[in-house]
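Report on one structure; see the data block that follows.
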Amino acid sequence: MHQPNTRPLTQSLLKETASQTAGPYVHIGLALDIAGLPPREEEIWNRLASDDARGERIELVGRVIDGNGDTVRDALLEAWQADADGEYQCRFDLQAPFNSFGRTAATVENDGEWTFSTVKPGAVALPDGRKMAPHVNLAVFARGVNVQLHTRLYFDDERDANDACPILNSVESPTRRRTLIAIREEAGEQRRYRFDIRLQGEGETVFFDF
Amino acid sequence: MPSNDNKHYVPRDRNWHPPAHAPGYKTTVARSPRQALVSLLSPTVSERAGPDFTRLRMGPHDNDLLLNFREDPALAGSAGLPIGERVIMFGRVVDQFGKPVPHTLVEMWQANAGGRYRHKKDRYLAPLDPNFGGVGRCLTDESGWYRFRTVKPGPYPWPNDVNSWRPAHIHVSVMGPSISTRLVTQMYFEGDPLIPLCPIVNTLRDPEAVETMIGRLDMANSRSMDCLAYRFDLVVRGELQTYFENQG
């Protein structure tokens, strides 16, 4: 018989399976086209919004850069964002006009750039009525990254919303906060935001634990 | 997302997982953040929610690597089979409270029996297998079970120390109910003498943590005159309910 209330709570929990790097060949499993494999019936990829999706169509682009300043060419990213109304569409469905989840990878063709084609997310409400500025959660996987790194992409043309965002403000250093802001670029008719992720050193991107 | 409003997850134990900077695995040195992670004391709906893949359309052989790739598509499903030891890899996805995680996406990828990946960038001496691609995926069932059929991957050398070898391993990716539970790991095979020599395995500091990554030979689930079975259960972060709001 076991004496109740004696064992610390943590010992009654199973340990999480330990993480390992996704490695340089992650594409075989999660980005088949980049590996050179034929597509299956449906693939999870970098177009979150179809032409029918509500909201402002945007492109997100960037590079993942290591501590030497070199582009990480085997990086894979996962995006998670609200729709234009600030709601998460949790049911992934490629027949739906918008999906909150997508994947992309650094590609050889674009010199190590990744891209997402999506709509600008709306502000997301917190239970207390405050709002988080429009943002995209990004997870970074790569060779040499032992546990995926989580960051958030914010938009430089949302200054007021950014200034009021409780999560952005939880980053104490204003200098570091700036690493989370994507910069709008003119790219013809397409509205494009650039977001370089620096894994280490000067301008190191803020990564979150949650 | 009202259904997620009261959920949060048991914090990830960062001392259990490998540290970002683990110099024995050399690539981590320039790819590990130097700044501390910023802890979100109250994760928001953005972190609590996650994608549900029950509507993702999959093919009939997506979890059967013996059948799901042929270099010549005309031979798909034919008698030409990949070379190697036939194995079933199966297990259950549960959370830290032992609760099964149903209908979650499990993805895997691996080298062929010679230790060669079907990837543009892999140039290892071992040949490609015309009947083996190396990718699988499936959703867990009601009770959290998943299953793949494949061949046992071979070990292979890689540039780290002058003579580093990866033990036979299968990469495994699991989503779980939220982006907070997202986990990518590798399954190793019980008894492989290369496991304790591997710089990537050795990024872990706790030998008990290494044990969580080892698939166990399961004779009861092996098939006579057909294939061996390895059982690999996955534990993702436990989900908690918040009964009292601490705000306001």
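Quick note on naming: the chains in the structure tokens go A, B, ... in the order shown, residues restart at 1 in each chain, and ligands are numbered from 1 in order of appearance.
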
Could the residues of chain A that have an atom at most 7 Å from chain B be listed as CSV, each with its closest atom pair and the distance in Å to one decimal, counting only C-alpha atoms and ordered by chain and ascending residue number?
```
residue,atom,partner,partner_atom,distance
A:Leu13,CA,B:Gln96,CA,5.4
A:Leu14,CA,B:Gln96,CA,4.5
A:Lys15,CA,B:Gln96,CA,6.3
A:Glu16,CA,B:Val235,CA,4.9
A:Thr17,CA,B:Val235,CA,5.1
A:Ala18,CA,B:His17,CA,5.3
A:Ser19,CA,B:Thr185,CA,4.6
A:Gln20,CA,B:Thr185,CA,4.4
A:Thr21,CA,B:Thr185,CA,6.7
A:Ala22,CA,B:Val184,CA,6.4
A:Tyr25,CA,B:His119,CA,6.7
A:Ile28,CA,B:Val135,CA,6.2
A:Gly29,CA,B:Trp109,CA,4.8
A:Ala35,CA,B:His119,CA,4.8
A:Gly36,CA,B:Lys120,CA,6.2
A:Arg40,CA,B:Gly59,CA,6.9
A:Glu41,CA,B:Met58,CA,5.8
A:Glu42,CA,B:Arg57,CA,5.7
A:Asp66,CA,B:Arg31,CA,5.3
A:Gly67,CA,B:Ala30,CA,4.7
A:Asn68,CA,B:Ala30,CA,6.6
A:Cys90,CA,B:Pro51,CA,4.6
A:Arg91,CA,B:Asp52,CA,4.9
A:Phe92,CA,B:Phe53,CA,5.4
A:Asp93,CA,B:Arg55,CA,5.6
A:Phe101,CA,B:Pro51,CA,6.4
A:Gly144,CA,B:Thr28,CA,4.2
A:Val145,CA,B:Thr28,CA,6.2
A:Asn146,CA,B:Ala20,CA,5.7
A:Val147,CA,B:Ala20,CA,7.0
A:Val171,CA,B:Val38,CA,6.9
A:Leu199,CA,B:Pro33,CA,5.3
A:Gln200,CA,B:Pro33,CA,4.6
A:Gly201,CA,B:Arg34,CA,6.8
A:Phe207,CA,B:Leu37,CA,5.3
A:Phe208,CA,B:Val38,CA,4.6
A:Asp209,CA,B:Ser39,CA,4.6
A:Phe210,CA,B:Leu40,CA,5.3
```

- What does the distance from CA of Phe132 (chain B) to CA of Arg70 (chain B) come to in Å, to one decimal?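 Value for the CA of Phe132 (chain B)-CA of Arg70 (chain B) distance: 6.5 Å.
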
- Item | Two-atom distance - CA of Arg192 (chain A), CA of Asp33 (chain A) (Å) |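 Value for the CA of Arg192 (chain A)-CA of Asp33 (chain A) distance: 23.6 Å.
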
- Shell around Pro155 (chain B) at 7 Å using only C-alpha atoms, local window under 6 positions removed, as number ranges by chain: B: 115, 165-168

Can you write out the residues you just picked, keeping all heavy atoms, as an mmCIF file, in the first residue's frame?
```cif
data_model
loop_
_atom_site.group_PDB
_atom_site.id
_atom_site.type_symbol
_atom_site.label_atom_id
_atom_site.label_comp_id
_atom_site.auth_asym_id
_atom_site.auth_seq_id
_atom_site.Cartn_x
_atom_site.Cartn_y
_atom_site.Cartn_z
ATOM 1 N N GLY B 115 22.642 2.123 -44.742
ATOM 2 C CA GLY B 115 23.022 3.366 -44.077
ATOM 3 C C GLY B 115 23.010 4.573 -45.000
ATOM 4 O O GLY B 115 23.626 5.599 -44.699
ATOM 5 N N TRP B 165 30.456 7.285 -35.981
ATOM 6 C CA TRP B 165 29.405 6.509 -36.646
ATOM 7 C C TRP B 165 28.089 6.727 -35.929
ATOM 8 O O TRP B 165 28.041 6.741 -34.693
ATOM 9 C CB TRP B 165 29.738 5.011 -36.624
ATOM 10 C CG TRP B 165 30.845 4.664 -37.573
ATOM 11 C CD1 TRP B 165 32.173 4.953 -37.419
ATOM 12 C CD2 TRP B 165 30.715 3.989 -38.829
ATOM 13 N NE1 TRP B 165 32.885 4.498 -38.511
ATOM 14 C CE2 TRP B 165 32.014 3.894 -39.395
ATOM 15 C CE3 TRP B 165 29.638 3.447 -39.524
ATOM 16 C CZ2 TRP B 165 32.253 3.294 -40.622
ATOM 17 C CZ3 TRP B 165 29.875 2.839 -40.746
ATOM 18 C CH2 TRP B 165 31.170 2.771 -41.292
ATOM 19 N N ARG B 166 27.032 6.887 -36.707
ATOM 20 C CA ARG B 166 25.710 6.912 -36.097
ATOM 21 C C ARG B 166 25.242 5.483 -35.865
ATOM 22 O O ARG B 166 25.341 4.646 -36.759
ATOM 23 C CB ARG B 166 24.683 7.585 -37.020
ATOM 24 C CG ARG B 166 24.841 9.069 -37.327
ATOM 25 C CD ARG B 166 24.893 9.984 -36.142
ATOM 26 N NE ARG B 166 24.084 9.667 -34.970
ATOM 27 C CZ ARG B 166 22.789 9.932 -34.804
ATOM 28 N NH1 ARG B 166 22.107 10.528 -35.757
ATOM 29 N NH2 ARG B 166 22.162 9.632 -33.690
ATOM 30 N N PRO B 167 24.713 5.187 -34.659
ATOM 31 C CA PRO B 167 24.055 3.899 -34.489
ATOM 32 C C PRO B 167 22.840 3.837 -35.412
ATOM 33 O O PRO B 167 22.365 4.877 -35.867
ATOM 34 C CB PRO B 167 23.620 3.905 -33.023
ATOM 35 C CG PRO B 167 23.807 5.295 -32.520
ATOM 36 C CD PRO B 167 24.615 6.060 -33.503
ATOM 37 N N ALA B 168 22.356 2.638 -35.702
ATOM 38 C CA ALA B 168 21.119 2.517 -36.474
ATOM 39 C C ALA B 168 20.043 3.318 -35.748
ATOM 40 O O ALA B 168 19.905 3.221 -34.524
ATOM 41 C CB ALA B 168 20.706 1.050 -36.562
#
```

- What does the distance from CA of Met225 (chain B) to CA of Met89 (chain B) come to in Å, to one decimal? 16.7 Å

From region 17-223 of chain B, collect each residue whose DSSP state is strand (DSSP E) and return the set as a short mmCIF file (atom, residue, chain, number, x, y, z; two decimals) with N, CA, C and O atoms, in the first residue's frame.
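Output below, filename out.cif:
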```
data_model
loop_
_atom_site.label_atom_id
_atom_site.label_comp_id
_atom_site.auth_asym_id
_atom_site.auth_seq_id
_atom_site.Cartn_x
_atom_site.Cartn_y
_atom_site.Cartn_z
N VAL B 38 13.78 33.07 -23.29
CA VAL B 38 12.84 33.93 -22.55
C VAL B 38 11.62 33.07 -22.18
O VAL B 38 10.94 32.54 -23.05
N SER B 39 11.41 32.92 -20.88
CA SER B 39 10.31 32.06 -20.42
C SER B 39 8.99 32.81 -20.45
O SER B 39 8.88 33.90 -19.91
N ARG B 86 13.43 -7.04 -42.11
CA ARG B 86 12.05 -6.52 -42.02
C ARG B 86 11.68 -6.32 -40.55
O ARG B 86 11.86 -7.22 -39.74
N VAL B 87 11.20 -5.14 -40.23
CA VAL B 87 10.80 -4.88 -38.84
C VAL B 87 9.48 -4.11 -38.77
O VAL B 87 9.15 -3.32 -39.67
N ILE B 88 8.76 -4.38 -37.69
CA ILE B 88 7.62 -3.55 -37.32
C ILE B 88 8.12 -2.61 -36.22
O ILE B 88 8.77 -3.05 -35.27
N MET B 89 7.84 -1.33 -36.38
CA MET B 89 8.14 -0.36 -35.34
C MET B 89 6.79 0.15 -34.87
O MET B 89 6.00 0.63 -35.68
N PHE B 90 6.52 -0.02 -33.59
CA PHE B 90 5.19 0.39 -33.12
C PHE B 90 5.29 0.88 -31.69
O PHE B 90 6.30 0.68 -31.02
N GLY B 91 4.25 1.51 -31.23
CA GLY B 91 4.24 1.96 -29.85
C GLY B 91 3.05 2.85 -29.60
O GLY B 91 2.15 2.99 -30.42
N ARG B 92 3.09 3.45 -28.44
CA ARG B 92 1.98 4.25 -27.99
C ARG B 92 2.48 5.65 -27.68
O ARG B 92 3.56 5.81 -27.11
N VAL B 93 1.71 6.65 -28.06
CA VAL B 93 2.02 8.02 -27.66
C VAL B 93 1.16 8.33 -26.44
O VAL B 93 -0.08 8.24 -26.50
N VAL B 94 1.82 8.65 -25.33
CA VAL B 94 1.10 9.01 -24.09
C VAL B 94 1.66 10.34 -23.59
O VAL B 94 2.75 10.75 -24.00
N ASP B 95 0.93 11.00 -22.70
CA ASP B 95 1.51 12.21 -22.11
C ASP B 95 2.16 11.85 -20.76
O ASP B 95 2.19 10.67 -20.38
N LEU B 105 -0.33 13.16 -35.20
CA LEU B 105 0.50 12.83 -36.34
C LEU B 105 1.88 12.36 -35.89
O LEU B 105 2.58 13.06 -35.16
N VAL B 106 2.26 11.14 -36.32
CA VAL B 106 3.60 10.61 -36.08
C VAL B 106 4.27 10.46 -37.44
O VAL B 106 3.71 9.82 -38.35
N GLU B 107 5.43 11.07 -37.60
CA GLU B 107 6.17 10.98 -38.87
C GLU B 107 7.54 10.38 -38.58
O GLU B 107 8.08 10.58 -37.49
N MET B 108 8.10 9.66 -39.55
CA MET B 108 9.42 9.08 -39.34
C MET B 108 10.19 9.06 -40.66
O MET B 108 9.60 9.10 -41.74
N TRP B 109 11.51 9.08 -40.55
CA TRP B 109 12.35 8.96 -41.74
C TRP B 109 13.66 8.29 -41.35
O TRP B 109 14.05 8.32 -40.19
N VAL B 135 10.52 7.16 -45.82
CA VAL B 135 9.64 8.07 -45.09
C VAL B 135 8.32 7.39 -44.78
O VAL B 135 7.78 6.63 -45.60
N GLY B 136 7.80 7.67 -43.58
CA GLY B 136 6.49 7.15 -43.19
C GLY B 136 5.75 8.15 -42.33
O GLY B 136 6.35 9.05 -41.75
N ARG B 137 4.43 7.99 -42.30
CA ARG B 137 3.61 8.81 -41.40
C ARG B 137 2.30 8.09 -41.12
O ARG B 137 1.84 7.28 -41.94
N CYS B 138 1.71 8.40 -39.98
CA CYS B 138 0.38 7.89 -39.65
C CYS B 138 -0.18 8.70 -38.49
O CYS B 138 0.55 9.46 -37.84
N LEU B 139 -1.47 8.54 -38.25
CA LEU B 139 -2.09 9.12 -37.07
C LEU B 139 -2.19 8.02 -36.02
O LEU B 139 -2.43 6.86 -36.36
N TRP B 145 -2.04 4.41 -30.21
CA TRP B 145 -1.09 3.49 -30.85
C TRP B 145 -0.75 3.93 -32.28
O TRP B 145 -1.60 4.41 -33.00
N TYR B 146 0.51 3.72 -32.65
CA TYR B 146 0.94 3.93 -34.04
C TYR B 146 1.72 2.70 -34.48
O TYR B 146 2.17 1.90 -33.65
N ARG B 147 1.91 2.54 -35.79
CA ARG B 147 2.60 1.36 -36.31
C ARG B 147 3.21 1.65 -37.67
O ARG B 147 2.57 2.27 -38.52
N PHE B 148 4.45 1.24 -37.86
CA PHE B 148 5.10 1.32 -39.18
C PHE B 148 5.69 -0.04 -39.51
O PHE B 148 6.08 -0.79 -38.60
N ARG B 149 5.82 -0.30 -40.81
CA ARG B 149 6.56 -1.49 -41.24
C ARG B 149 7.70 -0.99 -42.10
O ARG B 149 7.49 -0.14 -42.98
N THR B 150 8.91 -1.48 -41.85
CA THR B 150 10.07 -0.95 -42.56
C THR B 150 11.21 -1.97 -42.57
O THR B 150 10.99 -3.14 -42.25
N VAL B 151 12.38 -1.53 -42.98
CA VAL B 151 13.58 -2.35 -42.76
C VAL B 151 14.46 -1.64 -41.75
O VAL B 151 14.40 -0.41 -41.61
N TYR B 156 25.97 4.43 -40.15
CA TYR B 156 26.78 5.09 -41.19
C TYR B 156 27.76 6.08 -40.56
O TYR B 156 27.54 6.57 -39.46
N PRO B 157 28.87 6.33 -41.26
CA PRO B 157 29.87 7.26 -40.74
C PRO B 157 29.47 8.70 -41.04
O PRO B 157 28.75 8.95 -42.00
N TRP B 158 29.92 9.62 -40.22
CA TRP B 158 29.61 11.04 -40.46
C TRP B 158 30.76 11.89 -39.95
O TRP B 158 31.51 11.47 -39.06
N SER B 164 33.54 8.97 -36.52
CA SER B 164 32.25 8.90 -35.82
C SER B 164 31.24 8.12 -36.65
O SER B 164 31.17 8.30 -37.87
N TRP B 165 30.46 7.29 -35.98
CA TRP B 165 29.40 6.51 -36.65
C TRP B 165 28.09 6.73 -35.93
O TRP B 165 28.04 6.74 -34.69
N ARG B 166 27.03 6.89 -36.71
CA ARG B 166 25.71 6.91 -36.10
C ARG B 166 25.24 5.48 -35.86
O ARG B 166 25.34 4.65 -36.76
N HIS B 169 19.31 4.16 -36.49
CA HIS B 169 18.28 4.97 -35.83
C HIS B 169 17.20 5.35 -36.83
O HIS B 169 17.43 5.42 -38.03
N ILE B 170 16.04 5.59 -36.29
CA ILE B 170 14.91 6.10 -37.07
C ILE B 170 14.51 7.44 -36.46
O ILE B 170 14.29 7.54 -35.25
N HIS B 171 14.47 8.49 -37.30
CA HIS B 171 14.02 9.81 -36.82
C HIS B 171 12.50 9.76 -36.62
O HIS B 171 11.78 9.22 -37.47
N VAL B 172 12.04 10.32 -35.52
CA VAL B 172 10.61 10.30 -35.21
C VAL B 172 10.15 11.71 -34.83
O VAL B 172 10.82 12.39 -34.04
N SER B 173 9.04 12.11 -35.42
CA SER B 173 8.47 13.43 -35.16
C SER B 173 7.04 13.23 -34.68
O SER B 173 6.27 12.51 -35.32
N VAL B 174 6.68 13.86 -33.57
CA VAL B 174 5.30 13.75 -33.08
C VAL B 174 4.79 15.14 -32.73
O VAL B 174 5.54 15.97 -32.21
N LEU B 183 7.62 17.40 -30.59
CA LEU B 183 8.83 16.67 -30.21
C LEU B 183 9.42 15.97 -31.43
O LEU B 183 8.71 15.29 -32.16
N VAL B 184 10.72 16.14 -31.63
CA VAL B 184 11.44 15.38 -32.65
C VAL B 184 12.56 14.63 -31.94
O VAL B 184 13.31 15.21 -31.14
N THR B 185 12.64 13.34 -32.20
CA THR B 185 13.66 12.54 -31.52
C THR B 185 14.19 11.47 -32.48
O THR B 185 13.92 11.55 -33.69
N GLN B 186 14.93 10.52 -31.97
CA GLN B 186 15.42 9.41 -32.78
C GLN B 186 15.24 8.14 -31.97
O GLN B 186 15.50 8.14 -30.77
N MET B 187 14.78 7.09 -32.63
CA MET B 187 14.70 5.79 -31.97
C MET B 187 15.95 4.99 -32.30
O MET B 187 16.32 4.83 -33.46
N TYR B 188 16.61 4.48 -31.26
CA TYR B 188 17.76 3.59 -31.43
C TYR B 188 17.29 2.17 -31.14
O TYR B 188 16.22 1.95 -30.58
N PHE B 189 18.12 1.19 -31.55
CA PHE B 189 17.74 -0.21 -31.40
C PHE B 189 18.46 -0.83 -30.22
O PHE B 189 19.69 -0.76 -30.13
N ILE B 214 15.22 4.33 -26.74
CA ILE B 214 15.62 3.01 -27.23
C ILE B 214 14.40 2.13 -27.49
O ILE B 214 13.59 1.87 -26.60
N GLY B 215 14.25 1.71 -28.74
CA GLY B 215 13.19 0.78 -29.11
C GLY B 215 13.55 -0.60 -28.61
O GLY B 215 14.70 -1.04 -28.74
N ARG B 216 12.57 -1.28 -28.00
CA ARG B 216 12.84 -2.57 -27.37
C ARG B 216 12.37 -3.70 -28.28
O ARG B 216 11.24 -3.66 -28.78
N LEU B 217 13.21 -4.71 -28.42
CA LEU B 217 12.81 -5.90 -29.17
C LEU B 217 11.59 -6.51 -28.49
O LEU B 217 11.60 -6.73 -27.28
#
```

- Query: Could you pull the residues within 8 Å of Ser143 (chain B), counting only C-alpha atoms, minus those fewer than 5 positions along the same chain, as a list in words?
  - Reply: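 My list of contacting residues is Arg92, Pro100, Val101 and Pro102 of chain B.
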
- Proximity to Leu128 (chain B) - best of B:His103, B:Lys152, B:Arg223, B:Arg116, only C-alpha atoms: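 Going through B:His103, B:Lys152, B:Arg223, B:Arg116 one by one, the smallest distance to Leu128 (chain B) is for B:Arg116.
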